[in-house]
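Text of the file data34.txt, holding compact mmCIF, C-alpha atoms and all ligand atoms:
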```
# COMPACT_ATOMS: atom_id res chain seq x y z
CA MET A 1 11.10 21.08 2.14
CA ASN A 2 8.33 21.15 -0.39
CA ASN A 3 9.66 21.48 -3.91
CA PHE A 4 6.89 19.83 -5.88
CA LYS A 5 4.71 21.41 -8.53
CA THR A 6 1.03 22.03 -7.80
CA LEU A 7 -2.03 22.76 -9.92
CA ASP A 8 -0.96 26.42 -9.76
CA ASP A 9 1.90 25.52 -12.11
CA LEU A 10 -0.51 24.33 -14.82
CA PRO A 11 -1.89 26.71 -17.45
CA GLY A 12 -5.27 28.22 -16.57
CA ASP A 13 -6.87 26.79 -19.71
CA LEU A 14 -6.57 23.02 -20.03
CA THR A 15 -9.26 22.57 -22.67
CA GLY A 16 -9.10 19.06 -24.08
CA LYS A 17 -5.91 18.09 -22.23
CA VAL A 18 -6.01 14.64 -20.64
CA ALA A 19 -5.23 14.69 -16.90
CA LEU A 20 -4.34 11.34 -15.33
CA VAL A 21 -5.19 11.79 -11.65
CA ARG A 22 -4.23 9.24 -8.98
CA VAL A 23 -6.88 9.34 -6.25
CA ASP A 24 -7.75 7.31 -3.16
CA LEU A 25 -11.14 5.69 -3.71
CA ASN A 26 -10.43 2.70 -1.52
CA LEU A 27 -13.72 3.32 0.29
CA PRO A 28 -15.01 1.26 3.20
CA MET A 29 -18.07 -0.58 1.82
CA GLN A 30 -21.23 -1.72 3.55
CA GLY A 31 -23.98 -3.54 1.67
CA GLY A 32 -22.91 -2.32 -1.78
CA SER A 33 -22.24 1.32 -1.02
CA ALA A 34 -19.59 3.34 0.76
CA SER A 35 -20.00 3.80 4.53
CA ASP A 36 -17.65 6.79 4.63
CA LEU A 37 -17.05 9.35 1.89
CA THR A 38 -14.18 11.31 3.48
CA ARG A 39 -11.78 10.14 0.77
CA VAL A 40 -14.05 11.33 -2.02
CA GLU A 41 -14.54 14.71 -0.30
CA ALA A 42 -10.74 14.96 -0.12
CA ILE A 43 -10.18 14.62 -3.88
CA LYS A 44 -13.17 16.71 -4.92
CA PRO A 45 -11.35 20.08 -5.12
CA THR A 46 -8.64 18.68 -7.41
CA VAL A 47 -10.98 16.81 -9.73
CA LEU A 48 -13.42 19.70 -10.06
CA GLU A 49 -10.65 22.28 -10.54
CA LEU A 50 -9.18 20.30 -13.44
CA SER A 51 -12.63 19.72 -14.89
CA GLU A 52 -13.53 23.41 -14.63
CA LYS A 53 -10.32 24.28 -16.46
CA GLY A 54 -11.51 22.10 -19.34
CA ALA A 55 -9.36 19.01 -18.88
CA LYS A 56 -10.65 15.52 -19.57
CA VAL A 57 -10.05 14.05 -16.12
CA LEU A 58 -9.20 10.34 -15.89
CA MET A 59 -9.10 9.06 -12.33
CA LEU A 60 -6.79 6.17 -11.43
CA ALA A 61 -7.44 4.29 -8.20
CA HIS A 62 -6.97 0.99 -6.42
CA PHE A 63 -9.79 -0.79 -4.65
CA GLY A 64 -9.06 -3.60 -2.20
CA ARG A 65 -6.44 -6.25 -2.86
CA PRO A 66 -7.25 -8.13 -6.06
CA GLY A 67 -3.60 -9.29 -6.32
CA GLY A 68 -3.01 -8.58 -10.00
CA ALA A 69 -6.15 -10.19 -11.45
CA ARG A 70 -9.67 -9.04 -12.32
CA HIS A 71 -12.28 -9.49 -9.57
CA SER A 72 -15.71 -8.12 -10.40
CA ALA A 73 -16.42 -7.35 -6.72
CA LEU A 74 -13.30 -5.17 -6.61
CA SER A 75 -13.99 -3.18 -9.76
CA THR A 76 -13.91 0.58 -9.22
CA SER A 77 -17.34 0.55 -10.91
CA MET A 78 -18.62 -0.35 -7.41
CA VAL A 79 -18.00 3.22 -6.21
CA VAL A 80 -19.18 5.17 -9.28
CA GLY A 81 -22.52 6.13 -7.71
CA ASP A 82 -20.93 7.28 -4.46
CA VAL A 83 -18.30 9.33 -6.27
CA GLU A 84 -20.89 10.92 -8.58
CA GLY A 85 -22.93 11.87 -5.52
CA VAL A 86 -20.03 13.75 -3.93
CA LEU A 87 -18.68 15.34 -7.11
CA GLY A 88 -22.15 16.28 -8.32
CA LYS A 89 -21.19 15.15 -11.83
CA GLU A 90 -21.69 12.08 -13.95
CA LEU A 91 -18.71 9.78 -14.44
CA MET A 92 -17.80 7.62 -17.40
CA PHE A 93 -16.62 4.25 -16.10
CA ILE A 94 -13.85 2.78 -18.29
CA PRO A 95 -13.18 -0.93 -17.61
CA GLU A 96 -9.46 -0.73 -18.50
CA VAL A 97 -6.45 1.44 -17.60
CA ALA A 98 -4.69 1.46 -20.97
CA GLY A 99 -5.15 0.47 -24.60
CA PRO A 100 -7.78 1.03 -27.32
CA VAL A 101 -10.80 1.10 -24.96
CA VAL A 102 -9.20 3.96 -23.02
CA GLU A 103 -8.27 5.74 -26.27
CA GLN A 104 -11.86 5.47 -27.60
CA SER A 105 -13.29 6.67 -24.28
CA ILE A 106 -11.05 9.73 -24.33
CA GLY A 107 -12.42 10.43 -27.82
CA ILE A 108 -15.97 10.38 -26.46
CA LEU A 109 -15.26 12.53 -23.36
CA ARG A 110 -15.80 16.26 -23.81
CA PRO A 111 -13.57 18.87 -22.14
CA GLY A 112 -14.46 18.96 -18.44
CA ASP A 113 -15.81 15.40 -18.39
CA ILE A 114 -14.60 12.93 -15.80
CA GLY A 115 -13.77 9.26 -16.30
CA LEU A 116 -12.91 6.55 -13.81
CA LEU A 117 -10.54 3.79 -14.93
CA ASP A 118 -10.79 0.33 -13.44
CA ASN A 119 -8.88 -0.90 -10.39
CA VAL A 120 -5.19 -0.40 -11.20
CA ARG A 121 -4.36 -3.45 -9.06
CA PHE A 122 -6.13 -5.76 -11.54
CA TRP A 123 -2.82 -5.63 -13.41
CA PRO A 124 0.32 -7.12 -11.82
CA GLY A 125 2.38 -4.26 -13.29
CA GLU A 126 0.83 -1.86 -10.75
CA GLU A 127 2.30 -3.26 -7.55
CA ALA A 128 5.46 -4.44 -9.37
CA ASN A 129 5.94 -0.82 -10.55
CA ASP A 130 6.56 -2.18 -14.06
CA PRO A 131 7.88 0.71 -16.20
CA ASN A 132 6.14 -0.69 -19.31
CA PHE A 133 2.80 -0.75 -17.49
CA ALA A 134 3.35 2.82 -16.24
CA GLN A 135 4.30 3.92 -19.75
CA SER A 136 1.20 2.29 -21.28
CA ILE A 137 -1.03 4.33 -18.95
CA ALA A 138 1.03 7.51 -19.30
CA ALA A 139 0.67 7.31 -23.10
CA HIS A 140 -2.98 8.39 -22.73
CA GLY A 141 -2.31 11.55 -20.72
CA ASP A 142 -0.84 15.02 -21.13
CA PHE A 143 0.09 15.31 -17.46
CA TYR A 144 -0.16 13.41 -14.16
CA VAL A 145 -1.58 14.60 -10.85
CA ASN A 146 -1.16 12.68 -7.60
CA ASP A 147 -3.83 13.43 -5.00
CA ALA A 148 -3.45 10.22 -3.02
CA PHE A 149 -1.02 10.88 -0.16
CA SER A 150 -2.38 7.77 1.58
CA ALA A 151 -0.84 5.61 -1.19
CA ALA A 152 2.40 7.61 -1.44
CA HIS A 153 4.37 5.19 0.74
CA ARG A 154 4.01 2.59 -2.03
CA ALA A 155 6.27 2.68 -5.07
CA HIS A 156 3.63 1.44 -7.50
CA ALA A 157 3.14 2.23 -11.19
CA THR A 158 0.35 4.77 -10.66
CA THR A 159 1.80 6.28 -7.46
CA GLU A 160 5.44 6.53 -8.51
CA GLY A 161 6.42 5.03 -11.88
CA ILE A 162 4.08 7.12 -14.00
CA ALA A 163 5.58 10.36 -12.66
CA HIS A 164 8.74 9.54 -14.63
CA HIS A 165 6.81 9.54 -17.93
CA LEU A 166 4.74 12.72 -17.66
CA PRO A 167 4.93 16.19 -16.11
CA ALA A 168 3.81 15.53 -12.52
CA TYR A 169 1.87 17.71 -10.09
CA ALA A 170 0.57 17.42 -6.54
CA GLY A 171 -3.20 17.70 -6.29
CA ARG A 172 -4.83 19.97 -3.72
CA ALA A 173 -5.29 17.26 -1.04
CA MET A 174 -1.69 16.10 -1.50
CA GLU A 175 -0.50 19.71 -1.35
CA ARG A 176 -2.43 20.36 1.89
CA GLU A 177 -1.14 17.17 3.49
CA LEU A 178 2.50 17.84 2.55
CA THR A 179 2.30 21.45 3.67
CA ALA A 180 0.78 20.43 7.02
CA LEU A 181 3.33 17.68 7.59
CA ASP A 182 6.16 20.01 6.67
CA SER A 183 4.94 22.58 9.18
CA ALA A 184 4.83 19.87 11.86
CA LEU A 185 8.18 18.15 11.47
CA GLY A 186 9.95 19.25 8.28
CA ASN A 187 10.35 22.91 9.02
CA PRO A 188 8.37 23.54 12.21
CA GLU A 189 8.07 26.47 14.54
CA THR A 190 9.81 25.43 17.76
CA PRO A 191 9.49 24.22 20.44
CA VAL A 192 7.87 21.10 19.04
CA ALA A 193 6.07 18.55 21.21
CA ALA A 194 5.36 15.06 19.95
CA VAL A 195 2.77 12.92 21.67
CA VAL A 196 3.19 9.24 20.96
CA GLY A 197 0.68 6.86 22.44
CA GLY A 198 -1.18 3.75 21.47
CA ALA A 199 -0.84 0.16 22.36
CA LYS A 200 2.67 -1.04 21.68
CA VAL A 201 6.23 0.24 21.46
CA SER A 202 7.04 -2.43 18.87
CA THR A 203 4.75 -0.86 16.25
CA LYS A 204 6.24 2.59 16.75
CA LEU A 205 9.96 2.06 17.41
CA ASP A 206 11.01 3.86 14.22
CA VAL A 207 8.64 6.71 14.99
CA LEU A 208 10.15 7.17 18.46
CA GLN A 209 13.69 6.93 17.12
CA ASN A 210 13.03 9.58 14.48
CA LEU A 211 11.25 11.94 16.88
CA VAL A 212 13.88 12.02 19.63
CA GLY A 213 16.29 13.64 17.17
CA LYS A 214 13.75 16.19 15.96
CA VAL A 215 11.51 17.42 18.76
CA GLN A 216 12.12 19.28 22.02
CA HIS A 217 9.46 17.36 24.00
CA LEU A 218 8.50 13.74 23.59
CA ILE A 219 5.39 12.85 25.53
CA ILE A 220 4.81 9.12 25.81
CA GLY A 221 1.41 7.77 26.80
CA GLY A 222 -0.81 4.77 26.20
CA GLY A 223 0.33 1.19 26.55
CA MET A 224 3.76 2.11 25.27
CA ALA A 225 4.41 4.33 28.28
CA ASN A 226 4.29 1.16 30.38
CA THR A 227 7.32 -0.27 28.62
CA PHE A 228 9.20 3.01 29.18
CA LEU A 229 8.13 3.09 32.84
CA ALA A 230 9.40 -0.47 33.19
CA ALA A 231 12.69 0.66 31.61
CA ARG A 232 12.93 3.24 34.39
CA GLY A 233 12.46 0.52 37.00
CA VAL A 234 8.73 0.96 37.65
CA ASP A 235 6.70 -2.18 38.42
CA VAL A 236 3.76 -1.92 36.01
CA GLY A 237 1.85 -4.93 37.37
CA LYS A 238 -0.42 -6.64 34.84
CA SER A 239 -0.27 -3.70 32.39
CA LEU A 240 0.19 -4.21 28.69
CA ALA A 241 3.97 -3.85 28.37
CA GLU A 242 6.68 -5.32 26.15
CA HIS A 243 9.29 -6.47 28.61
CA ASP A 244 11.55 -7.71 25.79
CA LEU A 245 11.82 -4.11 24.58
CA ILE A 246 12.97 -2.60 27.88
CA GLU A 247 16.54 -2.31 26.64
CA THR A 248 15.41 -0.65 23.41
CA ALA A 249 13.28 1.77 25.41
CA SER A 250 16.29 2.60 27.60
CA LYS A 251 18.37 3.33 24.51
CA ILE A 252 15.70 5.68 23.18
CA LEU A 253 15.69 7.49 26.55
CA ASP A 254 19.51 7.83 26.33
CA GLU A 255 19.34 9.11 22.75
CA ALA A 256 16.76 11.67 23.81
CA ASP A 257 19.10 12.83 26.59
CA HIS A 258 21.95 13.32 24.12
CA SER A 259 19.88 15.27 21.62
CA GLY A 260 18.27 17.63 24.11
CA CYS A 261 14.81 16.10 23.86
CA THR A 262 12.88 16.01 27.14
CA VAL A 263 10.90 12.80 27.53
CA HIS A 264 7.71 13.06 29.56
CA LEU A 265 6.37 9.91 31.18
CA PRO A 266 3.29 9.98 33.45
CA TYR A 267 3.69 10.44 37.24
CA ASP A 268 0.24 9.15 37.94
CA VAL A 269 -1.96 6.61 36.23
CA VAL A 270 -5.48 5.21 36.20
CA VAL A 271 -5.51 1.51 37.02
CA ALA A 272 -7.99 -1.36 37.34
CA LYS A 273 -7.89 -5.06 38.05
CA GLU A 274 -10.11 -5.89 35.08
CA PHE A 275 -10.46 -4.24 31.72
CA ALA A 276 -14.11 -3.17 31.59
CA ALA A 277 -16.12 0.04 31.56
CA ASN A 278 -16.14 1.77 34.97
CA PRO A 279 -14.84 -1.29 36.87
CA ALA A 280 -15.25 -1.54 40.66
CA SER A 281 -11.47 -1.76 41.10
CA LEU A 282 -10.85 1.59 39.32
CA ARG A 283 -8.40 3.92 41.06
CA THR A 284 -5.81 6.59 40.36
CA CYS A 285 -2.33 6.27 41.84
CA ASN A 286 1.31 7.23 41.55
CA VAL A 287 3.17 5.08 39.00
CA HIS A 288 5.18 3.58 41.87
CA GLU A 289 2.02 2.30 43.58
CA VAL A 290 0.60 0.01 40.89
CA ALA A 291 -0.23 -3.35 42.49
CA SER A 292 0.87 -6.59 40.89
CA ASP A 293 -2.73 -7.47 39.93
CA GLU A 294 -3.55 -4.05 38.43
CA MET A 295 -3.15 -2.70 34.93
CA ILE A 296 -2.54 0.85 33.76
CA LEU A 297 -5.31 1.92 31.36
CA ASP A 298 -4.87 5.70 31.19
CA ILE A 299 -2.49 8.40 32.34
CA GLY A 300 -3.64 10.23 35.48
CA PRO A 301 -4.88 13.79 36.13
CA LEU A 302 -1.50 15.14 37.31
CA ALA A 303 0.21 13.78 34.20
CA THR A 304 -2.54 15.24 32.02
CA GLU A 305 -2.12 18.64 33.65
CA ALA A 306 1.67 18.51 33.24
CA LEU A 307 1.19 17.65 29.61
CA ALA A 308 -1.13 20.61 29.13
CA ASP A 309 1.55 22.86 30.66
CA VAL A 310 4.13 21.53 28.19
CA LEU A 311 1.81 22.25 25.27
CA LYS A 312 1.34 25.83 26.49
CA THR A 313 5.08 26.41 26.01
CA CYS A 314 5.17 24.82 22.54
CA ARG A 315 4.41 26.20 19.07
CA THR A 316 3.91 22.89 17.30
CA LEU A 317 2.30 19.57 18.24
CA VAL A 318 2.48 16.34 16.32
CA TRP A 319 0.32 13.60 17.75
CA ASN A 320 -0.03 9.91 17.05
CA GLY A 321 -1.64 7.44 19.41
CA PRO A 322 -4.18 7.78 22.24
CA LEU A 323 -2.98 8.22 25.84
CA GLY A 324 -5.20 5.46 27.19
CA ALA A 325 -7.64 2.71 26.25
CA PHE A 326 -9.98 5.46 25.04
CA GLU A 327 -12.66 3.14 23.62
CA THR A 328 -13.70 2.21 27.17
CA GLU A 329 -14.90 4.68 29.83
CA PRO A 330 -13.36 6.27 31.80
CA PHE A 331 -10.04 5.44 30.15
CA ASP A 332 -10.74 8.08 27.50
CA THR A 333 -10.35 10.90 30.05
CA ALA A 334 -6.75 11.94 29.37
CA THR A 335 -7.05 11.56 25.59
CA MET A 336 -10.22 13.67 25.51
CA ALA A 337 -8.59 16.31 27.74
CA LEU A 338 -5.49 16.48 25.55
CA ALA A 339 -7.59 16.70 22.38
CA ARG A 340 -9.64 19.60 23.76
CA HIS A 341 -6.57 21.35 25.11
CA ALA A 342 -4.71 21.07 21.81
CA ALA A 343 -7.79 22.29 19.95
CA ALA A 344 -8.17 25.30 22.28
CA LEU A 345 -4.51 26.32 21.92
CA THR A 346 -4.82 25.95 18.16
CA GLN A 347 -7.91 28.13 18.09
CA GLU A 348 -6.10 30.76 20.19
CA GLY A 349 -3.37 30.76 17.56
CA SER A 350 -0.54 29.64 19.82
CA LEU A 351 -0.17 26.08 18.52
CA ILE A 352 0.05 24.32 15.16
CA SER A 353 -1.43 20.89 15.77
CA VAL A 354 -1.11 17.97 13.38
CA ALA A 355 -2.44 14.52 14.23
CA GLY A 356 -2.78 11.19 12.47
CA GLY A 357 -3.31 7.46 12.94
CA GLY A 358 -6.53 5.44 12.71
CA ASP A 359 -7.36 5.42 16.42
CA THR A 360 -6.09 8.97 16.95
CA VAL A 361 -8.45 10.27 14.25
CA ALA A 362 -11.31 8.38 15.95
CA ALA A 363 -10.32 9.80 19.36
CA LEU A 364 -10.31 13.38 18.02
CA ALA A 365 -13.73 12.81 16.51
CA GLN A 366 -14.95 11.42 19.84
CA ALA A 367 -13.68 14.60 21.52
CA GLY A 368 -15.57 16.66 18.93
CA VAL A 369 -12.49 18.64 17.86
CA THR A 370 -11.94 17.34 14.32
CA GLY A 371 -12.45 20.81 12.88
CA ASP A 372 -10.45 22.64 15.55
CA VAL A 373 -6.94 21.26 15.10
CA THR A 374 -4.69 22.47 12.30
CA TYR A 375 -4.62 19.24 10.31
CA ILE A 376 -5.71 15.64 10.71
CA SER A 377 -4.09 13.08 8.46
CA THR A 378 -6.30 10.14 7.56
CA ALA A 379 -3.48 8.57 5.56
CA GLY A 380 -2.73 5.68 7.94
CA GLY A 381 0.40 3.84 6.78
CA ALA A 382 1.77 6.79 4.81
CA PHE A 383 1.37 9.07 7.85
CA LEU A 384 3.26 6.61 10.08
CA GLU A 385 6.09 6.20 7.55
CA TRP A 386 6.35 9.97 7.39
CA MET A 387 6.50 10.04 11.24
CA GLU A 388 9.32 7.51 10.93
CA GLY A 389 11.25 10.04 8.83
CA LYS A 390 11.13 7.88 5.70
CA GLU A 391 11.07 9.35 2.23
CA LEU A 392 7.77 8.42 0.58
CA PRO A 393 8.31 7.24 -3.02
CA GLY A 394 5.12 8.87 -4.30
CA VAL A 395 6.19 12.22 -2.84
CA ALA A 396 9.81 11.90 -3.96
CA ALA A 397 8.63 11.23 -7.55
CA LEU A 398 6.73 14.54 -7.52
CA SER A 399 9.82 16.42 -6.40
CA ALA A 400 12.17 14.91 -8.99
P1 LIG B 501 -3.18 4.81 16.09
O1 LIG B 501 -4.17 3.94 15.33
O2 LIG B 501 -3.72 6.20 16.33
O3 LIG B 501 -1.82 4.81 15.44
P2 LIG B 501 -2.56 2.68 17.92
O4 LIG B 501 -3.23 1.72 17.02
O5 LIG B 501 -1.09 2.60 18.05
O6 LIG B 501 -2.99 4.18 17.55
O7 LIG B 501 -3.11 2.50 19.41
C1 LIG B 501 -4.45 2.60 19.75
C2 LIG B 501 -4.83 1.56 20.76
O8 LIG B 501 -4.04 1.63 21.92
C3 LIG B 501 -6.26 1.74 21.21
O9 LIG B 501 -7.01 0.61 20.84
C4 LIG B 501 -6.16 1.87 22.74
O10 LIG B 501 -7.19 1.20 23.42
C5 LIG B 501 -4.83 1.21 23.01
N1 LIG B 501 -4.26 1.65 24.30
C6 LIG B 501 -3.92 2.89 24.65
N2 LIG B 501 -3.47 2.90 25.92
C7 LIG B 501 -3.54 1.64 26.39
C8 LIG B 501 -3.21 1.02 27.63
N3 LIG B 501 -2.72 1.72 28.66
N4 LIG B 501 -3.41 -0.32 27.74
C9 LIG B 501 -3.91 -1.01 26.70
N5 LIG B 501 -4.23 -0.48 25.51
C10 LIG B 501 -4.04 0.83 25.35
MG MG B 502 -4.50 1.85 15.36
```
Transcribe the structure of this file into structure tokens.
Amino acid sequence: MNNFKTLDDLPGDLTGKVALVRVDLNLPMQGGSASDLTRVEAIKPTVLELSEKGAKVLMLAHFGRPGGARHSALSTSMVVGDVEGVLGKELMFIPEVAGPVVEQSIGILRPGDIGLLDNVRFWPGEEANDPNFAQSIAAHGDFYVNDAFSAAHRAHATTEGIAHHLPAYAGRAMERELTALDSALGNPETPVAAVVGGAKVSTKLDVLQNLVGKVQHLIIGGGMANTFLAARGVDVGKSLAEHDLIETASKILDEADHSGCTVHLPYDVVVAKEFAANPASLRTCNVHEVASDEMILDIGPLATEALADVLKTCRTLVWNGPLGAFETEPFDTATMALARHAAALTQEGSLISVAGGGDTVAALAQAGVTGDVTYISTAGGAFLEWMEGKELPGVAALSA
């Protein structure tokens, strides 16, 4: 359950108070500027709200992997222009995170002004979660706000340690993410369906293990369905499958049985002899009819329809991983159909739909439904660890 404080718990007037705000500004760069500003858009409400309430807002962020030493190419000064563009305000760049330079800068900032400190990972104390390092940063602030869910699976000084030195609050993006995730798996409306797809079982074993104990329907697609089909005695031909994990897959199927979770594997599949767009050897068949020189690249139309029927009976959907090799036509068919179906049910008000994962986010965008599902997590690693049922240190520190 959510028991963290939010910006609503702060006084309405923050004039002159120093807010230390952990944000995600680890932007993808192309030729000196950011190629995607989603992360800046995400933190904008929090930063502007604090600024409008009169706080001096100091943003803390990491940028790339400098490994505890200064690297001019990885200075957060690289993103100042992009961040200013989104926020619509000028930033003061401060080339330190603690000490006299920070103190002097705070003296210069007026209430409502926004500063950006340098890459917190220039200092080894960040990733080591050194309490002295956290304390030295905390000394400059009146309170701490974490708006970087995507970094919450790391117990670092500015994502975890600092929360022990100052009153700590979840920012608006963090609040939205935690509320959405809680409504999907923490405290969901049942029945809950989980769709787990993607390439390999091995990368999502903990996810599967956590889900079988929590959801009523587990729908397995993508390459990982092949390993489960093999565990049920199906010959999957040349398909991507992890034959060394067949026993593990069988155990997960048994656990699901014991906890009343129905596992859905495809009845029919789309196969080809070579992995290429619209190959000559493309055909759809029953899972028992895959030839030894064919590979499964998508789930079939009957399986897709069955899956849609399951979703109609459910109140909540949590989705990670595409159902097929969606980057290549026509192996995107099932994933696109599921995305549109989930979006339609969400728009009708019968389904709460939460999705995450790098390729899943891309697939939803490809289907054109990014705005039509309840919530899309772009948090990557943190989203997966949450799917695994792990407690995220950055979230736990806010709830302490
Ligand atoms: P996410 O990033 O959403 O967590 P993954 O990285 O686990 O998802 O998996 C996505 C990848 O899985 C995609 O590149 C897709 O092409 C691949 N994939 C899905 N189904 C198959 C399949 N049947 N055979 C081979 N690759 C597949
Ligand atoms: Mg991926």
- Note on the structure: Of A:Ser33, A:Thr304, A:Ser350, A:Thr46, the one sitting nearest A:Gly81 when using all atoms listed in the file is A:Ser33
- Message: Need to verify the contact set: A:His288, 10 Å, all atoms listed in the file, exclusion of same-chain residues closer than 3 positions in sequence. Can you return it as a VMD selection string?
- Response: chain A and resid 229 233 to 236 267 to 269 285 291
- atom CA of A:Met224 to atom C6 of ligand LIG 501 (chain B), straight-line distance in Å: 7.7 Å
- Query: What's the 12 Å shell around A:Ala34, counting only C-alpha atoms, without same-chain residues fewer than 2 positions away, as a list in words?
  - Reply: Leu25, Asn26, Leu27, Pro28, Met29, Gln30, Gly31, Gly32, Asp36, Leu37, Thr38, Arg39, Val40, Phe63, Thr76, Met78, Val79, Val80, Gly81, Asp82, Val83, Gly85 and Val86 of chain A
- Task: Please write out the residues within 8 Å of ligand LIG 501 (chain B) as a ChimeraX atom specification, counting only C-alpha atoms and all ligand atoms.
- Result: /A:197-200,203-204,221-226,239-240,295-299,320-328,356-362,380,384
Is it possible to dump stretch 49-55 of chain A as a CSV table (one decimal), in the first residue's frame, including just all heavy atoms?
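What ended up in selection30.csv:
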```csv
chain,number,residue,atom,x,y,z
A,49,GLU,N,5.6,23.0,-9.8
A,49,GLU,CA,4.8,23.2,-8.6
A,49,GLU,C,5.6,23.8,-7.4
A,49,GLU,O,5.2,24.7,-6.7
A,49,GLU,CB,4.1,21.9,-8.2
A,49,GLU,CG,3.2,22.0,-7.0
A,49,GLU,CD,2.4,20.8,-6.7
A,49,GLU,OE1,2.3,19.9,-7.6
A,49,GLU,OE2,1.9,20.7,-5.5
A,50,LEU,N,6.8,23.2,-7.2
A,50,LEU,CA,7.6,23.6,-6.1
A,50,LEU,C,8.1,25.1,-6.4
A,50,LEU,O,8.2,25.9,-5.4
A,50,LEU,CB,8.8,22.7,-5.9
A,50,LEU,CG,8.5,21.3,-5.4
A,50,LEU,CD1,9.7,20.3,-5.6
A,50,LEU,CD2,8.0,21.3,-4.0
A,51,SER,N,8.5,25.3,-7.6
A,51,SER,CA,8.9,26.7,-8.0
A,51,SER,C,7.8,27.7,-7.7
A,51,SER,O,8.0,28.8,-7.2
A,51,SER,CB,9.4,26.7,-9.4
A,51,SER,OG,9.4,27.9,-10.0
A,52,GLU,N,6.6,27.3,-8.2
A,52,GLU,CA,5.4,28.3,-8.0
A,52,GLU,C,5.1,28.5,-6.6
A,52,GLU,O,4.6,29.6,-6.2
A,52,GLU,CB,4.2,27.7,-8.8
A,52,GLU,CG,4.2,28.1,-10.2
A,52,GLU,CD,3.4,27.1,-11.1
A,52,GLU,OE1,2.5,26.4,-10.6
A,52,GLU,OE2,3.8,27.0,-12.3
A,53,LYS,N,5.4,27.5,-5.7
A,53,LYS,CA,5.2,27.7,-4.3
A,53,LYS,C,6.3,28.5,-3.6
A,53,LYS,O,6.3,28.7,-2.4
A,53,LYS,CB,5.0,26.4,-3.6
A,53,LYS,CG,3.6,25.8,-4.0
A,53,LYS,CD,3.4,24.5,-3.3
A,53,LYS,CE,2.0,24.0,-3.6
A,53,LYS,NZ,1.8,22.5,-3.2
A,54,GLY,N,7.3,28.9,-4.4
A,54,GLY,CA,8.3,29.8,-3.9
A,54,GLY,C,9.6,29.1,-3.4
A,54,GLY,O,10.5,29.8,-2.9
A,55,ALA,N,9.7,27.8,-3.6
A,55,ALA,CA,10.9,27.1,-3.2
A,55,ALA,C,12.1,27.4,-4.1
A,55,ALA,O,11.9,27.8,-5.3
A,55,ALA,CB,10.7,25.6,-3.2
```
